[in-house]
>>> print(open('final37.cif').read())   # mmCIF, C-alpha atoms
data_entry
loop_
_atom_site.group_PDB
_atom_site.id
_atom_site.type_symbol
_atom_site.label_atom_id
_atom_site.label_comp_id
_atom_site.auth_asym_id
_atom_site.auth_seq_id
_atom_site.Cartn_x
_atom_site.Cartn_y
_atom_site.Cartn_z
ATOM 1 C CA MET A 280 0.000 0.000 0.000
ATOM 2 C CA GLY A 281 1.158 3.504 -0.796
ATOM 3 C CA GLN A 282 0.826 6.798 1.049
ATOM 4 C CA MET A 283 -0.010 10.427 0.405
ATOM 5 C CA ILE A 284 3.024 12.699 0.075
ATOM 6 C CA GLU A 285 3.774 16.205 -1.176
ATOM 7 C CA PHE A 286 6.186 17.185 -3.929
ATOM 8 C CA GLN A 287 7.280 20.566 -5.230
ATOM 9 C CA ARG A 288 6.167 22.007 -8.552
ATOM 10 C CA PRO A 289 8.581 24.066 -10.691
ATOM 11 C CA ASP A 290 6.811 27.237 -9.496
ATOM 12 C CA GLY A 291 7.646 26.373 -5.879
ATOM 13 C CA ALA A 292 4.125 25.383 -4.831
ATOM 14 C CA ASN A 293 3.496 22.027 -3.209
ATOM 15 C CA SER A 294 1.233 19.394 -4.730
ATOM 16 C CA ALA A 295 -0.175 16.265 -3.104
ATOM 17 C CA ALA A 296 0.142 12.819 -4.631
ATOM 18 C CA TYR A 297 -0.276 9.144 -3.877
ATOM 19 C CA LEU A 298 3.098 7.382 -3.845
ATOM 20 C CA ALA A 299 3.318 3.603 -4.218
ATOM 21 C CA GLU A 300 6.907 2.462 -3.950
ATOM 22 C CA ALA A 301 8.289 -0.637 -5.630
ATOM 23 C CA ASP A 302 10.335 -3.057 -3.557
ATOM 24 C CA SER A 303 13.916 -1.808 -3.301
ATOM 25 C CA SER A 304 15.143 -4.318 -0.705
ATOM 26 C CA GLU A 305 18.068 -5.210 -2.940
ATOM 27 C CA GLY A 306 19.233 -1.598 -2.838
ATOM 28 C CA LEU A 307 18.554 -1.029 -6.527
ATOM 29 C CA LYS A 308 16.720 1.972 -7.901
ATOM 30 C CA ARG A 309 13.474 1.061 -9.636
ATOM 31 C CA PRO A 310 11.922 2.629 -12.738
ATOM 32 C CA GLY A 311 9.212 5.188 -12.054
ATOM 33 C CA LEU A 312 5.772 5.979 -13.405
ATOM 34 C CA ILE A 313 3.601 9.073 -13.282
ATOM 35 C CA LEU A 314 -0.007 7.845 -13.103
ATOM 36 C CA ILE A 315 -2.658 10.399 -14.101
ATOM 37 C CA GLN A 316 -6.192 10.184 -12.744
ATOM 38 C CA GLU A 317 -9.464 9.914 -14.616
ATOM 39 C CA TRP A 318 -11.938 12.808 -14.404
ATOM 40 C CA TRP A 319 -13.287 11.307 -11.159
ATOM 41 C CA GLY A 320 -10.200 12.469 -9.230
ATOM 42 C CA LEU A 321 -7.503 10.702 -7.228
ATOM 43 C CA ASN A 322 -9.878 8.083 -5.885
ATOM 44 C CA PRO A 323 -9.257 4.609 -4.389
ATOM 45 C CA GLN A 324 -9.468 2.975 -7.813
ATOM 46 C CA ILE A 325 -6.553 5.039 -9.171
ATOM 47 C CA CYS A 326 -4.583 4.463 -5.963
ATOM 48 C CA GLY A 327 -5.203 0.748 -6.457
ATOM 49 C CA VAL A 328 -3.758 0.939 -9.975
ATOM 50 C CA ALA A 329 -0.694 2.676 -8.511
ATOM 51 C CA ASP A 330 -0.323 -0.174 -6.017
ATOM 52 C CA ARG A 331 -0.536 -2.698 -8.867
ATOM 53 C CA PHE A 332 2.207 -0.939 -10.800
ATOM 54 C CA ALA A 333 4.371 -0.817 -7.666
ATOM 55 C CA ALA A 334 3.873 -4.548 -7.137
ATOM 56 C CA ALA A 335 5.034 -5.026 -10.731
ATOM 57 C CA GLY A 336 8.277 -3.155 -10.004
ATOM 58 C CA PHE A 337 7.488 0.472 -10.874
ATOM 59 C CA THR A 338 7.560 3.173 -8.197
ATOM 60 C CA THR A 339 4.395 5.086 -9.049
ATOM 61 C CA LEU A 340 3.345 8.652 -8.257
ATOM 62 C CA ALA A 341 -0.253 9.746 -8.884
ATOM 63 C CA PRO A 342 -0.625 13.551 -8.528
ATOM 64 C CA ASP A 343 -3.851 14.856 -7.012
ATOM 65 C CA LEU A 344 -4.823 17.277 -9.767
ATOM 66 C CA TYR A 345 -8.149 18.180 -8.129
ATOM 67 C CA ARG A 346 -6.555 19.097 -4.771
ATOM 68 C CA GLY A 347 -8.522 16.605 -2.720
ATOM 69 C CA ARG A 348 -11.846 16.870 -4.515
ATOM 70 C CA LEU A 349 -13.597 13.776 -5.881
ATOM 71 C CA ALA A 350 -16.571 13.278 -8.193
ATOM 72 C CA SER A 351 -19.257 10.708 -7.518
ATOM 73 C CA ASN A 352 -21.199 11.212 -10.752
ATOM 74 C CA ALA A 353 -20.659 12.470 -14.299
ATOM 75 C CA ASP A 354 -22.019 15.960 -13.580
ATOM 76 C CA GLU A 355 -19.547 16.476 -10.747
ATOM 77 C CA ALA A 356 -16.728 15.031 -12.849
ATOM 78 C CA THR A 357 -17.566 17.371 -15.717
ATOM 79 C CA HIS A 358 -17.486 20.332 -13.333
ATOM 80 C CA LEU A 359 -14.125 19.346 -11.861
ATOM 81 C CA LYS A 360 -12.574 18.613 -15.227
ATOM 82 C CA SER A 361 -13.801 21.896 -16.725
ATOM 83 C CA GLY A 362 -12.159 23.738 -13.838
ATOM 84 C CA LEU A 363 -8.769 22.100 -14.342
ATOM 85 C CA ASP A 364 -6.063 24.163 -16.022
ATOM 86 C CA PHE A 365 -4.585 21.494 -18.294
ATOM 87 C CA ALA A 366 -1.501 23.539 -19.173
ATOM 88 C CA ASP A 367 -0.768 24.171 -15.486
ATOM 89 C CA ALA A 368 -1.302 20.499 -14.705
ATOM 90 C CA THR A 369 1.153 19.541 -17.452
ATOM 91 C CA HIS A 370 3.904 22.095 -16.917
ATOM 92 C CA GLN A 371 3.673 22.268 -13.123
ATOM 93 C CA ASP A 372 2.104 19.178 -11.523
ATOM 94 C CA LEU A 373 3.371 16.606 -13.995
ATOM 95 C CA ALA A 374 6.757 18.299 -14.379
ATOM 96 C CA GLY A 375 7.060 18.372 -10.593
ATOM 97 C CA ALA A 376 6.071 14.716 -10.374
ATOM 98 C CA PHE A 377 8.796 13.881 -12.874
ATOM 99 C CA ALA A 378 11.395 15.836 -10.888
ATOM 100 C CA PHE A 379 10.360 14.041 -7.682
ATOM 101 C CA LEU A 380 10.644 10.610 -9.275
ATOM 102 C CA ALA A 381 13.952 11.496 -10.912
ATOM 103 C CA HIS A 382 15.536 11.637 -7.441
ATOM 104 C CA HIS A 383 14.360 8.119 -6.609
ATOM 105 C CA CYS A 384 14.080 6.220 -9.884
ATOM 106 C CA THR A 385 15.957 5.297 -13.027
ATOM 107 C CA LYS A 386 13.923 5.824 -16.192
ATOM 108 C CA ILE A 387 10.441 7.328 -15.838
ATOM 109 C CA GLY A 388 7.285 6.730 -17.845
ATOM 110 C CA VAL A 389 3.784 8.165 -17.782
ATOM 111 C CA THR A 390 0.335 6.648 -18.105
ATOM 112 C CA GLY A 391 -3.254 7.715 -17.481
ATOM 113 C CA PHE A 392 -6.896 7.079 -18.209
ATOM 114 C CA CYS A 393 -9.519 9.214 -19.983
ATOM 115 C CA MET A 394 -8.644 12.769 -18.872
ATOM 116 C CA GLY A 395 -5.398 11.252 -17.648
ATOM 117 C CA GLY A 396 -4.862 9.725 -21.073
ATOM 118 C CA ALA A 397 -5.133 13.163 -22.661
ATOM 119 C CA LEU A 398 -2.609 14.503 -20.156
ATOM 120 C CA THR A 399 -0.373 11.501 -20.856
ATOM 121 C CA ILE A 400 -0.078 12.716 -24.443
ATOM 122 C CA ALA A 401 0.544 16.269 -23.244
ATOM 123 C CA ALA A 402 3.302 15.010 -20.946
ATOM 124 C CA ALA A 403 4.845 12.986 -23.774
ATOM 125 C CA VAL A 404 5.036 16.186 -25.838
ATOM 126 C CA HIS A 405 6.130 18.666 -23.176
ATOM 127 C CA LEU A 406 8.290 16.528 -20.862
ATOM 128 C CA PRO A 407 10.870 15.122 -23.289
ATOM 129 C CA SER A 408 12.982 13.564 -20.515
ATOM 130 C CA LEU A 409 10.289 10.927 -20.034
ATOM 131 C CA SER A 410 11.280 7.531 -21.418
ATOM 132 C CA ALA A 411 7.865 6.160 -22.483
ATOM 133 C CA ALA A 412 4.135 6.944 -22.439
ATOM 134 C CA SER A 413 1.076 4.678 -22.434
ATOM 135 C CA CYS A 414 -2.296 6.377 -22.977
ATOM 136 C CA PHE A 415 -5.723 4.915 -22.222
ATOM 137 C CA TYR A 416 -8.598 6.359 -24.287
ATOM 138 C CA GLY A 417 -7.716 10.047 -24.065
ATOM 139 C CA ILE A 418 -6.834 12.780 -26.574
ATOM 140 C CA PRO A 419 -5.775 16.309 -25.562
ATOM 141 C CA PRO A 420 -7.097 19.532 -27.067
ATOM 142 C CA ALA A 421 -5.035 20.561 -30.106
ATOM 143 C CA GLU A 422 -3.925 23.765 -28.408
ATOM 144 C CA LEU A 423 -2.482 21.805 -25.466
ATOM 145 C CA ALA A 424 -0.284 19.340 -27.334
ATOM 146 C CA ASP A 425 0.446 18.211 -30.887
ATOM 147 C CA PRO A 426 0.875 14.402 -30.896
ATOM 148 C CA ALA A 427 3.104 14.701 -33.969
ATOM 149 C CA LEU A 428 5.788 16.161 -31.682
ATOM 150 C CA ILE A 429 6.094 13.022 -29.541
ATOM 151 C CA LYS A 430 9.644 11.676 -29.698
ATOM 152 C CA ILE A 431 9.523 9.013 -26.984
ATOM 153 C CA PRO A 432 8.110 5.464 -27.269
ATOM 154 C CA PHE A 433 4.323 5.710 -27.237
ATOM 155 C CA GLN A 434 1.549 3.192 -26.669
ATOM 156 C CA GLY A 435 -2.190 3.797 -26.926
ATOM 157 C CA HIS A 436 -5.256 1.786 -25.864
ATOM 158 C CA PHE A 437 -8.615 2.652 -27.450
ATOM 159 C CA ALA A 438 -12.099 1.121 -27.370
ATOM 160 C CA ASN A 439 -14.010 0.267 -30.523
ATOM 161 C CA MET A 440 -17.357 1.060 -28.868
ATOM 162 C CA ASP A 441 -16.231 4.364 -27.360
ATOM 163 C CA ASP A 442 -18.750 7.149 -27.973
ATOM 164 C CA TRP A 443 -16.390 9.864 -26.681
ATOM 165 C CA ILE A 444 -12.906 8.985 -27.946
ATOM 166 C CA THR A 445 -14.486 7.389 -30.986
ATOM 167 C CA PRO A 446 -12.673 5.014 -33.340
ATOM 168 C CA ALA A 447 -12.554 7.878 -35.868
ATOM 169 C CA ALA A 448 -10.897 10.133 -33.293
ATOM 170 C CA ALA A 449 -8.416 7.379 -32.452
ATOM 171 C CA ASP A 450 -7.705 6.957 -36.166
ATOM 172 C CA ALA A 451 -7.016 10.690 -36.501
ATOM 173 C CA LEU A 452 -4.682 10.582 -33.512
ATOM 174 C CA GLN A 453 -2.827 7.576 -34.871
ATOM 175 C CA ALA A 454 -2.320 9.362 -38.196
ATOM 176 C CA LYS A 455 -0.437 12.124 -36.370
ATOM 177 C CA LEU A 456 1.725 9.849 -34.245
ATOM 178 C CA PRO A 457 5.148 8.541 -35.259
ATOM 179 C CA ALA A 458 5.016 5.304 -37.217
ATOM 180 C CA SER A 459 6.689 3.542 -34.286
ATOM 181 C CA ALA A 460 3.696 4.178 -31.998
ATOM 182 C CA GLU A 461 2.074 1.009 -30.654
ATOM 183 C CA ILE A 462 -1.724 1.311 -30.889
ATOM 184 C CA HIS A 463 -4.187 -1.285 -29.607
ATOM 185 C CA ARG A 464 -7.960 -1.450 -30.128
ATOM 186 C CA TYR A 465 -10.412 -3.348 -27.910
ATOM 187 C CA ALA A 466 -13.965 -4.614 -28.376
ATOM 188 C CA ALA A 467 -15.067 -2.601 -25.366
ATOM 189 C CA GLU A 468 -16.502 0.735 -24.208
ATOM 190 C CA HIS A 469 -14.881 3.893 -22.869
ATOM 191 C CA GLY A 470 -13.559 3.255 -19.361
ATOM 192 C CA PHE A 471 -13.198 -0.496 -19.878
ATOM 193 C CA PHE A 472 -10.176 -0.685 -17.548
ATOM 194 C CA ASN A 473 -12.011 0.656 -14.476
ATOM 195 C CA GLU A 474 -13.195 -2.315 -12.425
ATOM 196 C CA GLN A 475 -15.285 0.017 -10.229
ATOM 197 C CA ARG A 476 -17.596 0.815 -13.146
ATOM 198 C CA PRO A 477 -19.418 -2.465 -13.920
ATOM 199 C CA GLU A 478 -21.487 -0.801 -16.655
ATOM 200 C CA VAL A 479 -18.351 -0.442 -18.844
ATOM 201 C CA TYR A 480 -15.691 -2.669 -17.273
ATOM 202 C CA ASP A 481 -14.461 -5.457 -19.529
ATOM 203 C CA ALA A 482 -12.241 -7.908 -17.685
ATOM 204 C CA ALA A 483 -10.742 -9.555 -20.758
ATOM 205 C CA SER A 484 -9.853 -6.238 -22.402
ATOM 206 C CA ALA A 485 -8.551 -4.820 -19.112
ATOM 207 C CA ASP A 486 -6.303 -7.821 -18.508
ATOM 208 C CA LEU A 487 -4.966 -7.709 -22.056
ATOM 209 C CA ALA A 488 -4.304 -3.958 -21.839
ATOM 210 C CA TRP A 489 -2.603 -4.378 -18.451
ATOM 211 C CA ASN A 490 -0.262 -7.067 -19.750
ATOM 212 C CA ARG A 491 0.548 -5.026 -22.847
ATOM 213 C CA THR A 492 1.254 -1.970 -20.708
ATOM 214 C CA LEU A 493 3.575 -3.865 -18.381
ATOM 215 C CA ALA A 494 5.407 -5.384 -21.331
ATOM 216 C CA PHE A 495 5.769 -1.950 -22.929
ATOM 217 C CA PHE A 496 7.174 -0.329 -19.792
ATOM 218 C CA ASN A 497 9.438 -3.290 -19.114
ATOM 219 C CA ARG A 498 10.930 -2.864 -22.581
ATOM 220 C CA HIS A 499 11.451 0.864 -22.364
ATOM 221 C CA LEU A 500 12.085 1.552 -18.672
ATOM 222 C CA LEU A 501 14.216 -1.433 -17.744
ATOM 223 C CA ALA A 502 16.533 -1.478 -20.765
#
>>> encode(input="final37.cif", output="structure tokens")
Amino acid sequence: MGQMIEFQRPDGANSAAYLAEADSSEGLKRPGLILIQEWWGLNPQICGVADRFAAAGFTTLAPDLYRGRLASNADEATHLKSGLDFADATHQDLAGAFAFLAHHCTKIGVTGFCMGGALTIAAAVHLPSLSAASCFYGIPPAELADPALIKIPFQGHFANMDDWITPAAADALQAKLPASAEIHRYAAEHGFFNEQRPEVYDAASADLAWNRTLAFFNRHLLA
């Protein structure tokens, strides 16, 4: 199990985050991951994903972008997301998370879901010292980040029955990405990885995406 900590942003402000540390009993530094929340906030489900990554060998930091606020329904989530400054989150919170992990880890990757997937792409563009990025069903606004500028290894997971990040939108994103990008499609709905949402959760797709994500980060963060 992880714990809540604070790290410093480039502007000097402090930001809270959930830190799940990988086993370092052998005295070796572990690779790190920045894990970016869905639009629901830094809730127990996201903290559980951080714990899973830590158990797999990746020290994981999940910044609390909503400053302690959580959404229990779509209306609340929409309100919280609309109030988030995505540029500030990218250049301050995520940059600060990277700097924190850089003191404790070897190579660092980034991953996130939905809103966090969009910010994963933004981080891949604007934080070039990252070593890899894996995005789950999210696309940032064009003014925030141009996916064509991604230079690091990139993986994407998209749902064929997604009515928000539609297959057409995923196609358009893929057309902008480097040819080396690894894109996977699933016979599932938006949010299929979230086991706390039975109306969209798809165990088979979630397990497959998890294994692909671990394999991707093992290749690019452990080499």
>>> closest_residue(input="final37.cif", among="A:Thr385, A:Ser294, A:Gln282, A:Gln324", to="Ala368 (chain A)", atoms="only C-alpha atoms")
A:Ser294
>>> closest_residue(input="final37.cif", among="A:Leu307, A:Cys326, A:Ala334, A:Ala466", to="Met440 (chain A)", atoms="all atoms listed in the file")
A:Ala466
>>> closest_residue(input="final37.cif", among="A:His370, A:His436, A:Lys455, A:His383", to="Ala301 (chain A)", atoms="all atoms listed in the file")
A:His383
>>> residues_near_point(input="final37.cif", point="(-15.1, -1.2, -11.0)", cutoff="12 Å", atoms="all atoms listed in the file", output="ChimeraX atom specification")
/A:322-325,327-328,470-482,485
>>> closest_residue(input="final37.cif", among="A:Ala438, A:Ala402, A:Ala427, A:Ala296", to="Gly388 (chain A)", atoms="all atoms listed in the file")
A:Ala402
>>> atom_distance(input="final37.cif", atom1="CA of Gln434 (chain A)", atom2="CA of Tyr345 (chain A)")
25.7 Å
>>> closest_residue(input="final37.cif", among="A:Ala488, A:Ala341, A:Ala451, A:Leu409", to="Ala421 (chain A)", atoms="all atoms listed in the file")
A:Ala451
>>> closest_residue(input="final37.cif", among="A:Glu468, A:Asp290, A:Asp302, A:Glu285", to="Ala374 (chain A)", atoms="only C-alpha atoms")
A:Asp290
>>> atom_distance(input="final37.cif", atom1="CA of Leu359 (chain A)", atom2="CA of Leu344 (chain A)")
9.8 Å
>>> atom_distance(input="final37.cif", atom1="CA of Trp443 (chain A)", atom2="CA of Gly396 (chain A)")
12.8 Å
>>> resolve_selection(input="final37.cif", expression="the PyMOL selection byres ((chain A and resi 464) around 9)", output="number ranges by chain")
A: 435-439, 446, 462-463, 465-467
>>> residues_around(input="final37.cif", residues="Phe496 (chain A)", least_positions_apart="4", cutoff="8 Å", atoms="only C-alpha atoms", output="MDAnalysis selection string")
chainID A and resid 388 411 492 500:501
>>> resolve_selection(input="final37.cif", expression="the PyMOL selection byres ((chain A and resi 316) around 7)", output="PyMOL selection string")
chain A and resi 314-315+317-318+320-321+325+391-392+395
>>> residues_around(input="final37.cif", residues="Leu493 (chain A)", least_positions_apart="4", cutoff="9 Å", atoms="all atoms listed in the file", output="ChimeraX atom specification")
/A:332,335,488-489,497-498
>>> decode(input="final37.cif", residues="region 318-341 of chain A", atoms="N, CA and C atoms", output="compact mmCIF listing (two decimals), in the first residue's frame")
# COMPACT_ATOMS: atom_id res chain seq x y z
N TRP A 318 -11.25 11.58 -14.79
CA TRP A 318 -11.94 12.81 -14.40
C TRP A 318 -12.64 12.68 -13.06
N TRP A 319 -12.67 11.49 -12.47
CA TRP A 319 -13.29 11.31 -11.16
C TRP A 319 -12.41 11.86 -10.03
N GLY A 320 -11.11 12.00 -10.26
CA GLY A 320 -10.20 12.47 -9.23
C GLY A 320 -9.26 11.36 -8.76
N LEU A 321 -8.44 11.68 -7.79
CA LEU A 321 -7.50 10.70 -7.23
C LEU A 321 -8.26 9.85 -6.20
N ASN A 322 -9.00 8.90 -6.72
CA ASN A 322 -9.88 8.08 -5.89
C ASN A 322 -9.22 6.73 -5.56
N PRO A 323 -9.87 5.89 -4.75
CA PRO A 323 -9.26 4.61 -4.39
C PRO A 323 -8.95 3.72 -5.58
N GLN A 324 -9.74 3.82 -6.65
CA GLN A 324 -9.47 2.97 -7.81
C GLN A 324 -8.12 3.33 -8.44
N ILE A 325 -7.84 4.62 -8.60
CA ILE A 325 -6.55 5.04 -9.17
C ILE A 325 -5.41 4.67 -8.22
N CYS A 326 -5.62 4.85 -6.92
CA CYS A 326 -4.58 4.46 -5.96
C CYS A 326 -4.32 2.96 -6.05
N GLY A 327 -5.37 2.19 -6.29
CA GLY A 327 -5.20 0.75 -6.46
C GLY A 327 -4.39 0.40 -7.68
N VAL A 328 -4.57 1.15 -8.77
CA VAL A 328 -3.76 0.94 -9.97
C VAL A 328 -2.29 1.26 -9.68
N ALA A 329 -2.06 2.34 -8.91
CA ALA A 329 -0.69 2.68 -8.51
C ALA A 329 -0.07 1.54 -7.72
N ASP A 330 -0.83 0.95 -6.80
CA ASP A 330 -0.32 -0.17 -6.02
C ASP A 330 0.02 -1.36 -6.92
N ARG A 331 -0.80 -1.60 -7.93
CA ARG A 331 -0.54 -2.70 -8.87
C ARG A 331 0.76 -2.46 -9.64
N PHE A 332 0.96 -1.24 -10.09
CA PHE A 332 2.21 -0.94 -10.80
C PHE A 332 3.41 -1.10 -9.86
N ALA A 333 3.27 -0.67 -8.61
CA ALA A 333 4.37 -0.82 -7.67
C ALA A 333 4.69 -2.29 -7.43
N ALA A 334 3.65 -3.11 -7.32
CA ALA A 334 3.87 -4.55 -7.14
C ALA A 334 4.57 -5.16 -8.34
N ALA A 335 4.39 -4.54 -9.51
CA ALA A 335 5.03 -5.03 -10.73
C ALA A 335 6.44 -4.47 -10.91
N GLY A 336 6.90 -3.63 -9.96
CA GLY A 336 8.28 -3.16 -10.00
C GLY A 336 8.48 -1.71 -10.38
N PHE A 337 7.39 -0.93 -10.47
CA PHE A 337 7.49 0.47 -10.87
C PHE A 337 7.05 1.39 -9.72
N THR A 338 7.95 2.18 -9.19
CA THR A 338 7.56 3.17 -8.20
C THR A 338 6.64 4.19 -8.87
N THR A 339 5.45 4.36 -8.34
CA THR A 339 4.39 5.09 -9.05
C THR A 339 3.90 6.27 -8.22
N LEU A 340 3.82 7.42 -8.88
CA LEU A 340 3.35 8.65 -8.26
C LEU A 340 2.11 9.14 -9.01
N ALA A 341 1.00 9.29 -8.28
CA ALA A 341 -0.25 9.75 -8.88
C ALA A 341 -0.60 11.11 -8.31
